[in-house]
>>> print(open('work_23.txt').read())   # compact mmCIF, C-alpha atoms
# COMPACT_ATOMS: atom_id res chain seq x y z
CA TYR A 7 5.14 0.12 -8.35
CA PRO A 8 8.30 -1.94 -9.08
CA ASN A 9 11.73 -1.25 -10.53
CA ASN A 10 11.39 2.55 -10.59
CA LYS A 11 10.22 2.42 -14.19
CA LEU A 12 8.38 5.27 -15.79
CA ILE A 13 4.68 4.85 -16.49
CA ASN A 14 4.19 4.60 -20.23
CA SER A 15 2.25 2.72 -22.90
CA GLU A 16 3.94 -0.52 -21.82
CA THR A 17 2.83 -0.22 -18.18
CA LEU A 18 0.23 -2.67 -16.90
CA PHE A 19 -2.35 -1.02 -14.64
CA ILE A 20 -3.94 -3.21 -11.98
CA PHE A 21 -7.03 -1.97 -10.18
CA MET A 22 -7.35 -3.45 -6.70
CA ASN A 23 -10.60 -3.15 -4.80
CA ASP A 24 -10.76 -2.44 -1.05
CA GLY A 25 -7.70 -0.22 -1.31
CA GLU A 26 -7.89 0.63 2.39
CA GLU A 27 -6.95 -2.97 3.25
CA LEU A 28 -3.97 -3.41 0.93
CA PHE A 29 -1.03 -1.53 2.41
CA ASN A 30 -1.67 -0.13 5.87
CA ALA A 31 -3.59 -2.01 8.57
CA ALA A 32 -4.38 1.28 10.33
CA ASP A 33 -6.54 2.30 7.36
CA SER A 34 -8.84 -0.72 7.66
CA TRP A 35 -11.73 -1.14 10.07
CA HIS A 36 -10.32 -4.42 11.45
CA ASN A 37 -6.64 -3.38 11.65
CA MET A 38 -5.58 -5.96 9.04
CA GLU A 39 -3.91 -5.62 5.65
CA TRP A 40 -2.93 -7.67 2.62
CA GLY A 41 0.67 -6.44 2.90
CA ILE A 42 0.94 -5.92 -0.85
CA ASP A 43 3.97 -3.62 -0.65
CA GLU A 44 5.94 -6.15 1.42
CA LYS A 45 4.87 -8.99 -0.86
CA ILE A 46 6.04 -7.15 -3.98
CA LYS A 47 9.43 -6.50 -2.37
CA GLN A 48 9.81 -10.25 -1.78
CA MET A 49 9.04 -11.14 -5.39
CA ASN A 50 11.73 -11.35 -8.05
CA LEU A 51 10.19 -8.79 -10.36
CA ILE A 52 13.40 -7.70 -12.06
CA GLU A 53 13.93 -11.18 -13.50
CA ASN A 54 10.50 -11.02 -15.14
CA ASP A 55 11.03 -7.41 -16.26
CA LEU A 56 7.58 -6.42 -15.08
CA ASN A 57 6.33 -2.89 -15.54
CA PHE A 58 3.10 -2.44 -13.61
CA VAL A 59 1.36 -0.09 -11.22
CA ILE A 60 -1.34 -0.89 -8.67
CA ILE A 61 -4.27 1.51 -8.41
CA ALA A 62 -5.74 0.91 -4.95
CA ILE A 63 -9.37 2.04 -4.90
CA HIS A 64 -11.04 2.55 -1.54
CA SER A 65 -14.45 0.97 -1.05
CA ALA A 66 -17.53 2.84 0.14
CA LYS A 67 -16.93 1.61 3.68
CA LYS A 68 -13.79 3.73 3.87
CA GLY A 69 -15.78 6.73 5.11
CA ASN A 70 -15.81 6.26 8.88
CA ARG A 71 -13.98 2.92 9.09
CA PHE A 72 -16.78 1.37 11.14
CA PHE A 73 -18.38 -1.99 10.49
CA VAL A 74 -21.68 -0.28 9.68
CA ASP A 75 -20.08 0.90 6.45
CA GLU A 76 -19.80 -2.73 5.34
CA THR A 77 -23.43 -2.54 4.17
CA LYS A 78 -22.52 0.30 1.80
CA ARG A 79 -19.61 -1.75 0.48
CA TYR A 80 -21.89 -4.74 -0.16
CA ALA A 81 -24.25 -2.55 -2.17
CA GLU A 82 -21.34 -0.94 -4.01
CA TYR A 83 -19.69 -4.18 -5.12
CA PHE A 84 -22.80 -6.29 -5.72
CA PRO A 85 -23.25 -7.01 -9.47
CA LYS A 86 -26.38 -4.98 -10.13
CA GLU A 87 -27.02 -6.88 -13.37
CA SER A 88 -27.74 -10.06 -11.40
CA ILE A 89 -30.73 -8.48 -9.59
CA GLY A 90 -32.78 -9.18 -12.70
CA TYR A 91 -32.24 -12.90 -12.11
CA LEU A 92 -33.82 -12.84 -8.64
CA ASN A 93 -37.34 -14.24 -8.42
CA ARG A 94 -40.05 -11.62 -8.21
CA GLY A 95 -41.00 -10.70 -4.65
CA ILE A 96 -39.95 -8.66 -1.67
CA LYS A 97 -36.31 -9.71 -1.89
CA LYS A 98 -36.00 -8.45 -5.44
CA ARG A 99 -37.74 -5.19 -4.52
CA LEU A 100 -35.40 -4.68 -1.56
CA TYR A 101 -32.35 -5.29 -3.76
CA GLN A 102 -33.67 -2.80 -6.29
CA LYS A 103 -34.20 -0.18 -3.59
CA TRP A 104 -31.17 -0.64 -1.32
CA ILE A 105 -28.52 -2.25 -3.54
CA ASN A 106 -29.22 -0.87 -7.01
CA ARG A 107 -28.46 2.74 -6.13
CA LYS A 108 -26.79 4.98 -8.68
CA SER A 109 -24.61 6.54 -5.97
CA LEU A 110 -23.07 3.09 -5.35
CA ASN A 111 -22.62 1.97 -8.96
CA TYR A 112 -19.00 0.85 -8.84
CA LEU A 113 -18.63 0.03 -12.53
CA GLU A 114 -19.79 3.51 -13.51
CA PHE A 115 -17.25 4.98 -11.10
CA LEU A 116 -14.44 2.92 -12.64
CA THR A 117 -15.34 3.55 -16.25
CA LEU A 118 -16.58 7.15 -16.09
CA ASP A 119 -14.30 8.58 -13.40
CA VAL A 120 -11.21 6.50 -12.59
CA ILE A 121 -10.19 5.39 -16.07
CA PRO A 122 -10.59 8.82 -17.73
CA PHE A 123 -8.68 10.42 -14.83
CA LEU A 124 -5.74 8.02 -15.24
CA GLU A 125 -5.74 8.34 -19.03
CA GLU A 126 -5.50 12.11 -18.79
CA LYS A 127 -2.99 12.11 -15.95
CA PHE A 128 -0.55 9.73 -17.66
CA ASP A 129 -1.45 10.49 -21.29
CA ILE A 130 -2.26 6.85 -22.04
CA SER A 131 -5.18 4.76 -23.26
CA LEU A 132 -6.42 2.00 -20.92
CA ASN A 133 -7.98 -1.11 -22.42
CA ASN A 134 -7.87 -4.90 -22.26
CA LYS A 135 -4.22 -4.90 -23.27
CA ASN A 136 -2.92 -2.99 -20.26
CA LEU A 137 -5.60 -3.05 -17.54
CA GLY A 138 -6.68 -5.75 -15.08
CA ILE A 139 -8.63 -5.88 -11.83
CA ILE A 140 -8.28 -7.86 -8.58
CA GLY A 141 -10.43 -8.03 -5.45
CA ALA A 142 -11.41 -10.23 -2.54
CA SER A 143 -14.81 -11.31 -1.20
CA MET A 144 -17.37 -8.84 -2.57
CA GLY A 145 -14.40 -7.14 -4.25
CA GLY A 146 -13.72 -10.41 -6.09
CA LEU A 147 -17.31 -10.49 -7.29
CA ALA A 148 -16.97 -6.89 -8.44
CA ALA A 149 -13.77 -7.77 -10.32
CA LEU A 150 -15.48 -10.57 -12.24
CA ASN A 151 -18.44 -8.31 -12.95
CA ALA A 152 -16.13 -5.62 -14.33
CA LEU A 153 -14.58 -8.18 -16.69
CA ILE A 154 -17.96 -9.45 -17.89
CA GLN A 155 -19.47 -6.02 -18.41
CA HIS A 156 -16.37 -4.40 -19.91
CA PRO A 157 -14.29 -7.02 -21.73
CA ASP A 158 -13.00 -4.21 -23.92
CA LEU A 159 -11.37 -2.60 -20.88
CA PHE A 160 -10.05 -5.48 -18.73
CA LYS A 161 -7.63 -8.24 -19.67
CA PHE A 162 -8.02 -10.26 -16.46
CA ALA A 163 -9.89 -10.55 -13.17
CA GLY A 164 -8.44 -11.86 -9.92
CA CYS A 165 -11.28 -13.13 -7.71
CA VAL A 166 -10.02 -13.98 -4.21
CA SER A 167 -12.43 -15.77 -1.85
CA THR A 168 -15.31 -14.59 -4.01
CA HIS A 169 -18.50 -13.98 -2.03
CA TRP A 170 -20.92 -15.88 -4.24
CA VAL A 171 -23.55 -16.40 -1.56
CA GLY A 172 -24.82 -12.87 -1.00
CA ILE A 173 -26.61 -11.80 2.16
CA LYS A 174 -30.22 -12.32 3.19
CA PRO A 175 -32.10 -8.99 3.46
CA LEU A 176 -32.46 -9.33 7.22
CA GLU A 177 -28.76 -10.20 7.53
CA TYR A 178 -27.96 -7.10 5.49
CA PHE A 179 -29.73 -4.73 7.85
CA LEU A 180 -28.45 -6.50 10.99
CA LEU A 181 -24.88 -6.88 9.73
CA PRO A 182 -23.48 -3.91 11.73
CA LEU A 183 -24.78 -5.57 14.92
CA THR A 184 -24.36 -9.30 14.31
CA ARG A 185 -21.30 -9.26 12.02
CA GLU A 186 -22.53 -12.63 10.79
CA ILE A 187 -23.17 -13.80 7.23
CA LYS A 188 -24.74 -17.17 6.45
CA GLY A 189 -25.49 -16.41 2.83
CA ASP A 190 -28.61 -16.73 0.75
CA GLU A 191 -29.31 -19.44 -1.81
CA ASP A 192 -31.63 -17.24 -3.89
CA THR A 193 -28.96 -14.55 -4.24
CA ALA A 194 -26.28 -17.12 -5.10
CA ASN A 195 -28.54 -18.61 -7.78
CA ALA A 196 -29.18 -15.15 -9.26
CA ILE A 197 -25.45 -14.32 -9.38
CA ILE A 198 -24.58 -17.65 -10.98
CA SER A 199 -27.44 -17.38 -13.51
CA TYR A 200 -26.18 -13.93 -14.44
CA ILE A 201 -22.68 -15.34 -15.01
CA GLU A 202 -23.99 -18.26 -17.03
CA ASN A 203 -25.94 -15.96 -19.33
CA ASN A 204 -23.18 -13.38 -19.79
CA ILE A 205 -19.79 -15.11 -19.51
CA THR A 206 -19.58 -15.42 -23.31
CA ARG A 207 -19.09 -11.63 -23.40
CA ILE A 208 -15.45 -12.23 -22.52
CA ASP A 209 -13.01 -13.77 -24.98
CA ASP A 210 -9.58 -15.04 -23.95
CA GLN A 211 -9.16 -13.01 -20.75
CA LYS A 212 -7.80 -14.83 -17.72
CA ILE A 213 -9.72 -15.32 -14.47
CA TYR A 214 -8.22 -16.39 -11.14
CA PHE A 215 -10.36 -17.92 -8.37
CA ASP A 216 -9.50 -19.21 -4.91
CA HIS A 217 -10.92 -19.63 -1.42
CA GLY A 218 -10.06 -21.13 1.94
CA THR A 219 -11.88 -23.87 3.83
CA ASP A 220 -12.63 -22.21 7.18
CA GLY A 221 -15.08 -19.59 8.43
CA LEU A 222 -16.91 -17.60 5.75
CA ASP A 223 -14.75 -19.18 3.07
CA SER A 224 -16.28 -22.57 3.87
CA LEU A 225 -19.48 -21.37 2.12
CA TYR A 226 -17.76 -20.83 -1.22
CA SER A 227 -16.82 -24.30 -2.42
CA THR A 228 -20.23 -25.39 -3.77
CA PRO A 229 -21.10 -22.20 -5.71
CA GLN A 230 -17.52 -21.92 -6.99
CA LYS A 231 -17.74 -25.42 -8.46
CA ARG A 232 -20.99 -24.42 -10.18
CA VAL A 233 -19.23 -21.42 -11.68
CA ASN A 234 -16.27 -23.57 -12.73
CA LYS A 235 -18.63 -25.95 -14.53
CA ILE A 236 -20.09 -23.03 -16.47
CA LEU A 237 -16.63 -21.76 -17.42
CA ASP A 238 -15.57 -25.25 -18.51
CA SER A 239 -18.65 -25.58 -20.70
CA LYS A 240 -17.78 -22.27 -22.38
CA SER A 241 -14.04 -23.08 -22.66
CA LYS A 242 -12.98 -20.04 -20.65
CA ASP A 243 -9.46 -19.61 -19.29
CA TYR A 244 -9.31 -19.70 -15.49
CA LYS A 245 -7.37 -21.03 -12.51
CA TYR A 246 -8.96 -22.31 -9.31
CA LEU A 247 -7.15 -23.01 -6.04
CA VAL A 248 -8.29 -24.09 -2.57
CA PHE A 249 -6.23 -23.16 0.49
CA ASP A 250 -6.86 -25.65 3.26
CA GLY A 251 -7.19 -24.08 6.71
CA TYR A 252 -7.41 -20.52 5.37
CA ASP A 253 -10.16 -18.18 6.56
CA HIS A 254 -11.61 -14.88 5.34
CA TYR A 255 -8.91 -12.43 6.41
CA ALA A 256 -6.87 -9.79 4.60
CA PRO A 257 -3.44 -11.21 5.59
CA GLU A 258 -4.45 -14.59 4.14
CA PHE A 259 -5.59 -12.91 0.93
CA GLY A 260 -2.24 -11.13 0.72
CA SER A 261 -0.27 -14.31 1.30
CA ARG A 262 -1.57 -15.58 -2.07
CA PHE A 263 -0.80 -12.39 -3.99
CA ASP A 264 2.42 -13.60 -5.59
CA GLY A 265 0.67 -16.67 -6.99
CA ILE A 266 -2.21 -14.54 -8.26
CA LEU A 267 0.19 -12.19 -10.00
CA GLU A 268 2.21 -15.05 -11.43
CA TYR A 269 -0.84 -16.56 -13.14
CA LEU A 270 -2.52 -13.36 -14.31
CA VAL A 271 0.53 -11.31 -15.28
CA ILE A 272 3.71 -13.37 -15.58
CA ASN A 273 2.56 -16.58 -17.27
>>> encode(input="work_23.txt", output="structure tokens")
Amino acid sequence: YPNNKLINSETLFIFMNDGEELFNAADSWHNMEWGIDEKIKQMNLIENDLNFVIIAIHSAKKGNRFFVDETKRYAEYFPKESIGYLNRGIKKRLYQKWINRKSLNYLEFLTLDVIPFLEEKFDISLNNKNLGIIGASMGGLAALNALIQHPDLFKFAGCVSTHWVGIKPLEYFLLPLTREIKGDEDTANAIISYIENNITRIDDQKIYFDHGTDGLDSLYSTPQKRVNKILDSKSKDYKYLVFDGYDHYAPEFGSRFDGILEYLVIN
């Protein structure tokens, strides 16, 4: 929180997913962090007279900080509304059973628990004038989903290395052992179809997208371009950047934070 300003009706609240990876590497399962606090100190915030606060929200994997918890995080952040766009069959039934669980409904948690708590604590009203959301990978997908489902609450979504490609059911169950994701075309198609059919719910809110070119990020270029084409056809406001040589790691997400903030908040 910059400039030692008091939180008031002029304060911009920014939800950031995967809160355990933002500030302290020791809190994350892989001992890596975005370094948000250091990045903010480097930015010239006084010149822009920014008044904002970051609400870092831990993901479901926070529990024991083991890789096995990554499967809970995937279920938590997956846009449940896109399951309806999967073709009928075992994959759709598995997603309904293992992913679409009420206990891992992230949007309900944000809207029914987090937002009312903050409004009462700070005696404010949060809406699409003073609230945005940012996340990476599945957290980026969750950020976009929050914007689509609640355009009345969010003014922007920052989607960093968005994990469009999902996980095959077998990959999902073996993830704690293999730690490998190759993605699934059916899941990607369902997510993109969901976006295509619902993106008109948002109005003039901003969306930021980026990804690297190496490792897991190398899977994102093709689906991201499909999403961009949809946004272009609907005249939606977004920015898209590619970072050559970047991979799917928290420090590399954090290295882009100033540019993300500049587009979503300052400009």
>>> residues_around(input="work_23.txt", residues="stretch 184-194 of chain A", least_positions_apart="2", cutoff="7 Å", atoms="all atoms listed in the file", output="PyMOL selection string")
chain A and resi 92+170-174+177+180-182+196-198
>>> residues_around(input="work_23.txt", residues="A:Lys231", least_positions_apart="4", cutoff="12 Å", atoms="only C-alpha atoms", output="compact mmCIF listing (two decimals) with C-alpha atoms, in the coordinates of the input")
# COMPACT_ATOMS: atom_id res chain seq x y z
CA THR A 168 -15.31 -14.59 -4.01
CA TRP A 170 -20.92 -15.88 -4.24
CA ILE A 198 -24.58 -17.65 -10.98
CA PHE A 215 -10.36 -17.92 -8.37
CA ASP A 216 -9.50 -19.21 -4.91
CA HIS A 217 -10.92 -19.63 -1.42
CA LEU A 225 -19.48 -21.37 2.12
CA TYR A 226 -17.76 -20.83 -1.22
CA SER A 227 -16.82 -24.30 -2.42
CA LYS A 235 -18.63 -25.95 -14.53
CA ILE A 236 -20.09 -23.03 -16.47
CA LEU A 237 -16.63 -21.76 -17.42
CA ASP A 238 -15.57 -25.25 -18.51
CA LYS A 245 -7.37 -21.03 -12.51
CA TYR A 246 -8.96 -22.31 -9.31
CA LEU A 247 -7.15 -23.01 -6.04
CA VAL A 248 -8.29 -24.09 -2.57
>>> atom_distance(input="work_23.txt", atom1="atom CA of A:Ser131", atom2="atom CA of A:Val59")
14.5 Å
>>> atom_distance(input="work_23.txt", atom1="atom CA of A:Pro175", atom2="atom CA of A:Gly95")
12.2 Å
>>> closest_residue(input="work_23.txt", among="A:Phe58, A:Phe21, A:Phe259, A:Phe115", to="A:Gly41", atoms="only C-alpha atoms")
A:Phe259
>>> closest_residue(input="work_23.txt", among="A:Arg79, A:Pro257, A:Thr17, A:Phe263", to="A:Lys47", atoms="all atoms listed in the file")
A:Phe263
>>> atom_distance(input="work_23.txt", atom1="atom CA of A:Gly221", atom2="atom CA of A:Asn30")
23.8 Å
>>> axis_aligned_box(input="work_23.txt", around="stretch 78-86 of chain A", padding_each_side="3 Å", output="JSON")
{"center_x": -23.0, "center_y": -3.4, "center_z": -4.2, "size_x": 12.8, "size_y": 13.3, "size_z": 17.9}
>>> closest_residue(input="work_23.txt", among="A:Ile13, A:Leu118, A:Ile213, A:Leu159", to="A:Leu147", atoms="all atoms listed in the file")
A:Ile213
>>> residues_around(input="work_23.txt", residues="stretch 60-65 of chain A", least_positions_apart="4", cutoff="7 Å", atoms="all atoms listed in the file", output="list in words")
Tyr7, Phe19, Ile20, Phe21, Met22, Asn23, Asp24, Gly25, Glu26 and Arg79 of chain A
